[in-house]
$ cat data.pdb   # PDB, C-alpha atoms
ATOM      1  CA  MET Y   1       0.000   0.000   0.000  1.00  0.00           C
ATOM      2  CA  PHE Y   2       1.351   3.434  -0.971  1.00  0.00           C
ATOM      3  CA  THR Y   3      -0.531   6.476   0.314  1.00  0.00           C
ATOM      4  CA  ARG Y   4       0.322  10.119  -0.229  1.00  0.00           C
ATOM      5  CA  SER Y   5      -1.456  13.031   1.458  1.00  0.00           C
ATOM      6  CA  HIS Y   6      -0.944  16.745   0.946  1.00  0.00           C
ATOM      7  CA  ALA Y   7      -2.197  19.424   3.359  1.00  0.00           C
ATOM      8  CA  CYS Y   8      -1.969  23.207   3.144  1.00  0.00           C
ATOM      9  CA  VAL Y   9      -2.701  25.215   6.280  1.00  0.00           C
ATOM     10  CA  SER Y  10      -3.362  28.816   5.308  1.00  0.00           C
ATOM     11  CA  GLN Y  11      -2.347  31.936   7.179  1.00  0.00           C
ATOM     12  CA  ASP Y  12      -3.850  32.458  10.669  1.00  0.00           C
ATOM     13  CA  ALA Y  13      -5.367  28.946  10.748  1.00  0.00           C
ATOM     14  CA  ALA Y  14      -5.367  26.219  13.403  1.00  0.00           C
ATOM     15  CA  VAL Y  15      -5.831  22.638  12.230  1.00  0.00           C
ATOM     16  CA  THR Y  16      -5.846  19.218  13.879  1.00  0.00           C
ATOM     17  CA  LEU Y  17      -5.190  16.382  11.442  1.00  0.00           C
ATOM     18  CA  VAL Y  18      -5.888  12.859  12.707  1.00  0.00           C
ATOM     19  CA  GLU Y  19      -4.757   9.862  10.653  1.00  0.00           C
ATOM     20  CA  SER Y  20      -5.562   6.303  11.637  1.00  0.00           C
ATOM     21  CA  TYR Y  21      -4.345   3.048  10.156  1.00  0.00           C
ATOM     22  CA  ILE Y  22      -5.908  -0.144  11.462  1.00  0.00           C
ATOM     23  CA  ALA Y  23      -4.950  -3.559  10.103  1.00  0.00           C
ATOM     24  CA  ALA Y  24      -7.722  -5.822   8.854  1.00  0.00           C
ATOM     25  CA  ASP Y  25      -8.658  -8.706  11.142  1.00  0.00           C
ATOM     26  CA  GLY Y  26      -6.328 -11.625  10.518  1.00  0.00           C
ATOM     27  CA  ALA Y  27      -3.831  -9.572   8.481  1.00  0.00           C
ATOM     28  CA  LYS Y  28      -0.442 -11.285   8.432  1.00  0.00           C
ATOM     29  CA  SER Y  29       2.641  -9.936   6.716  1.00  0.00           C
ATOM     30  CA  TYR Y  30       2.340  -6.746   4.671  1.00  0.00           C
ATOM     31  CA  GLN Y  31       4.202  -3.534   3.998  1.00  0.00           C
ATOM     32  CA  ALA Y  32       2.762  -0.001   4.049  1.00  0.00           C
ATOM     33  CA  HIS Y  33       4.455   3.162   2.771  1.00  0.00           C
ATOM     34  CA  ASP Y  34       2.838   6.477   3.561  1.00  0.00           C
ATOM     35  CA  ALA Y  35       3.903  10.067   3.126  1.00  0.00           C
ATOM     36  CA  LEU Y  36       2.511  13.388   4.282  1.00  0.00           C
ATOM     37  CA  ILE Y  37       3.438  16.656   2.583  1.00  0.00           C
ATOM     38  CA  VAL Y  38       2.492  19.777   4.557  1.00  0.00           C
ATOM     39  CA  ALA Y  39       2.752  23.538   4.027  1.00  0.00           C
ATOM     40  CA  ILE Y  40       1.986  25.732   7.062  1.00  0.00           C
ATOM     41  CA  GLY Y  41       1.337  29.468   6.641  1.00  0.00           C
ATOM     42  CA  ASP Y  42       2.199  32.475   8.811  1.00  0.00           C
ATOM     43  CA  HIS Y  43       0.749  32.520  12.329  1.00  0.00           C
ATOM     44  CA  SER Y  44      -0.692  29.035  11.796  1.00  0.00           C
ATOM     45  CA  ARG Y  45      -0.638  25.831  13.798  1.00  0.00           C
ATOM     46  CA  LEU Y  46      -0.937  22.184  12.763  1.00  0.00           C
ATOM     47  CA  ASP Y  47      -1.436  19.390  15.292  1.00  0.00           C
ATOM     48  CA  HIS Y  48      -0.831  16.088  13.511  1.00  0.00           C
ATOM     49  CA  VAL Y  49      -1.924  12.932  15.351  1.00  0.00           C
ATOM     50  CA  ARG Y  50      -1.118   9.495  13.902  1.00  0.00           C
ATOM     51  CA  LEU Y  51      -2.763   6.344  15.291  1.00  0.00           C
ATOM     52  CA  VAL Y  52      -1.363   3.076  13.927  1.00  0.00           C
ATOM     53  CA  GLU Y  53      -2.508  -0.463  14.732  1.00  0.00           C
ATOM     54  CA  ASP Y  54      -0.511  -2.597  12.325  1.00  0.00           C
ATOM     55  CA  GLY Y  55      -0.411  -6.368  12.246  1.00  0.00           C
ATOM     56  CA  ARG Y  56       2.356  -8.077  14.230  1.00  0.00           C
ATOM     57  CA  GLU Y  57       4.366  -8.939  11.120  1.00  0.00           C
ATOM     58  CA  ALA Y  58       3.757  -5.664   9.275  1.00  0.00           C
ATOM     59  CA  VAL Y  59       6.354  -3.172   8.134  1.00  0.00           C
ATOM     60  CA  ASN Y  60       5.235   0.463   8.103  1.00  0.00           C
ATOM     61  CA  ILE Y  61       7.489   3.072   6.484  1.00  0.00           C
ATOM     62  CA  SER Y  62       6.348   6.650   6.995  1.00  0.00           C
ATOM     63  CA  SER Y  63       7.778   9.975   5.938  1.00  0.00           C
ATOM     64  CA  ALA Y  64       6.806  13.618   6.252  1.00  0.00           C
ATOM     65  CA  VAL Y  65       7.931  16.657   4.333  1.00  0.00           C
ATOM     66  CA  SER Y  66       6.982  20.026   5.763  1.00  0.00           C
ATOM     67  CA  ARG Y  67       7.431  23.644   4.758  1.00  0.00           C
ATOM     68  CA  TRP Y  68       6.822  26.205   7.489  1.00  0.00           C
ATOM     69  CA  ALA Y  69       6.470  29.947   7.451  1.00  0.00           C
ATOM     70  CA  ARG Y  70       8.639  31.731  10.025  1.00  0.00           C
ATOM     71  CA  THR Y  71       5.852  31.972  12.603  1.00  0.00           C
ATOM     72  CA  ALA Y  72       4.248  28.567  11.988  1.00  0.00           C
ATOM     73  CA  HIS Y  73       3.973  25.834  14.612  1.00  0.00           C
ATOM     74  CA  LEU Y  74       3.794  22.050  14.181  1.00  0.00           C
ATOM     75  CA  ASN Y  75       3.051  19.381  16.803  1.00  0.00           C
ATOM     76  CA  ALA Y  76       3.510  15.804  15.566  1.00  0.00           C
ATOM     77  CA  LEU Y  77       2.250  12.964  17.762  1.00  0.00           C
ATOM     78  CA  ALA Y  78       2.350   9.265  16.959  1.00  0.00           C
TER
END
$ encode --input "data.pdb" --output "structure tokens"
Amino acid sequence: MFTRSHACVSQDAAVTLVESYIAADGAKSYQAHDALIVAIGDHSRLDHVRLVEDGREAVNISSAVSRWARTAHLNALA
């Protein structure tokens, strides 16, 4: 599985982004690749929460690319 998400947080905005990945019942071995691309504007805040419940034999490769304005704020929680 290959997922790509892109988010733009405009100027003076506050956003909470919640992602959740839950393995299907009985899932065995699999590999997931996901990426998040984010741009955060001036005086803006992004709280990014990631909830992952992969299978025991799963491999999950995640990456994030972010571009921040000088006064932007990012909280990333996994």
$ atom_distance --input "data.pdb" --atom1 "atom CA of Y:Ala69" --atom2 "atom CA of Y:Val9"
10.4 Å
$ closest_residue --input "data.pdb" --among "Y:Asp25, Y:Asp42, Y:Asp34, Y:Asp47" --to "Y:Arg70" --atoms "all atoms listed in the file"
Y:Asp42
$ residues_near_point --input "data.pdb" --point "(-0.8, 24.1, 16.3)" --cutoff "12 Å" --atoms "all atoms listed in the file" --output "list of chain:residue names"
Y:Val9, Y:Asp12, Y:Ala13, Y:Ala14, Y:Val15, Y:Thr16, Y:Leu17, Y:Ile40, Y:Gly41, Y:Asp42, Y:His43, Y:Ser44, Y:Arg45, Y:Leu46, Y:Asp47, Y:His48, Y:Val49, Y:Trp68, Y:Thr71, Y:Ala72, Y:His73, Y:Leu74, Y:Asn75, Y:Ala76, Y:Leu77
$ closest_residue --input "data.pdb" --among "Y:Asn60, Y:Leu36, Y:Gly55, Y:Ser66" --to "Y:His6" --atoms "only C-alpha atoms"
Y:Leu36
$ atom_distance --input "data.pdb" --atom1 "atom CA of Y:Ser5" --atom2 "atom CA of Y:Gly26"
26.7 Å
$ closest_residue --input "data.pdb" --among "Y:Ala64, Y:Ala35, Y:Glu53, Y:Val59" --to "Y:Ala23" --atoms "only C-alpha atoms"
Y:Glu53
$ closest_residue --input "data.pdb" --among "Y:Val52, Y:Ala58, Y:Ala78, Y:Val38" --to "Y:Ser10" --atoms "all atoms listed in the file"
Y:Val38
$ residues_near_point --input "data.pdb" --point "(-2.8, 4.6, 2.0)" --cutoff "8 Å" --atoms "only C-alpha atoms" --output "PyMOL selection string"
chain Y and resi 1-4+32-34
$ atom_distance --input "data.pdb" --atom1 "atom CA of Y:Asp54" --atom2 "atom CA of Y:Ile22"
6.0 Å
$ build_atoms --input "data.pdb" --residues "stretch 64-78 of chain Y" --atoms "N, CA, C and O atoms" --output "mmCIF file, in the frame of the given file"
data_model
loop_
_atom_site.group_PDB
_atom_site.id
_atom_site.type_symbol
_atom_site.label_atom_id
_atom_site.label_comp_id
_atom_site.auth_asym_id
_atom_site.auth_seq_id
_atom_site.Cartn_x
_atom_site.Cartn_y
_atom_site.Cartn_z
ATOM 1 N N ALA Y 64 7.513 12.337 6.274
ATOM 2 C CA ALA Y 64 6.806 13.618 6.252
ATOM 3 C C ALA Y 64 7.746 14.674 5.711
ATOM 4 O O ALA Y 64 8.931 14.700 6.040
ATOM 5 N N VAL Y 65 7.199 15.521 4.867
ATOM 6 C CA VAL Y 65 7.931 16.657 4.333
ATOM 7 C C VAL Y 65 7.115 17.886 4.695
ATOM 8 O O VAL Y 65 5.916 17.938 4.424
ATOM 9 N N SER Y 66 7.743 18.850 5.351
ATOM 10 C CA SER Y 66 6.982 20.026 5.763
ATOM 11 C C SER Y 66 7.706 21.305 5.393
ATOM 12 O O SER Y 66 8.930 21.382 5.412
ATOM 13 N N ARG Y 67 6.918 22.309 5.050
ATOM 14 C CA ARG Y 67 7.431 23.644 4.758
ATOM 15 C C ARG Y 67 6.678 24.603 5.671
ATOM 16 O O ARG Y 67 5.443 24.649 5.661
ATOM 17 N N TRP Y 68 7.420 25.322 6.492
ATOM 18 C CA TRP Y 68 6.822 26.205 7.489
ATOM 19 C C TRP Y 68 7.149 27.652 7.194
ATOM 20 O O TRP Y 68 8.269 27.987 6.815
ATOM 21 N N ALA Y 69 6.190 28.520 7.445
ATOM 22 C CA ALA Y 69 6.470 29.947 7.451
ATOM 23 C C ALA Y 69 7.229 30.247 8.762
ATOM 24 O O ALA Y 69 7.256 29.418 9.680
ATOM 25 N N ARG Y 70 7.827 31.416 8.852
ATOM 26 C CA ARG Y 70 8.639 31.731 10.025
ATOM 27 C C ARG Y 70 7.869 31.635 11.342
ATOM 28 O O ARG Y 70 8.423 31.269 12.361
ATOM 29 N N THR Y 71 6.607 31.953 11.349
ATOM 30 C CA THR Y 71 5.852 31.972 12.603
ATOM 31 C C THR Y 71 4.895 30.789 12.719
ATOM 32 O O THR Y 71 3.977 30.800 13.514
ATOM 33 N N ALA Y 72 5.106 29.746 11.944
ATOM 34 C CA ALA Y 72 4.248 28.567 11.988
ATOM 35 C C ALA Y 72 4.659 27.634 13.110
ATOM 36 O O ALA Y 72 5.792 27.682 13.602
ATOM 37 N N HIS Y 73 3.728 26.759 13.520
ATOM 38 C CA HIS Y 73 3.973 25.834 14.612
ATOM 39 C C HIS Y 73 3.429 24.460 14.213
ATOM 40 O O HIS Y 73 2.323 24.362 13.698
ATOM 41 N N LEU Y 74 4.212 23.414 14.485
ATOM 42 C CA LEU Y 74 3.794 22.050 14.181
ATOM 43 C C LEU Y 74 4.003 21.163 15.394
ATOM 44 O O LEU Y 74 5.078 21.159 15.992
ATOM 45 N N ASN Y 75 2.962 20.430 15.789
ATOM 46 C CA ASN Y 75 3.051 19.381 16.803
ATOM 47 C C ASN Y 75 2.783 18.063 16.093
ATOM 48 O O ASN Y 75 1.740 17.915 15.459
ATOM 49 N N ALA Y 76 3.696 17.118 16.195
ATOM 50 C CA ALA Y 76 3.510 15.804 15.566
ATOM 51 C C ALA Y 76 3.501 14.755 16.671
ATOM 52 O O ALA Y 76 4.446 14.652 17.443
ATOM 53 N N LEU Y 77 2.411 13.997 16.735
ATOM 54 C CA LEU Y 77 2.250 12.964 17.762
ATOM 55 C C LEU Y 77 1.940 11.639 17.091
ATOM 56 O O LEU Y 77 1.113 11.576 16.187
ATOM 57 N N ALA Y 78 2.608 10.588 17.532
ATOM 58 C CA ALA Y 78 2.350 9.265 16.959
ATOM 59 C C ALA Y 78 2.123 8.276 18.078
ATOM 60 O O ALA Y 78 2.631 8.419 19.173
#
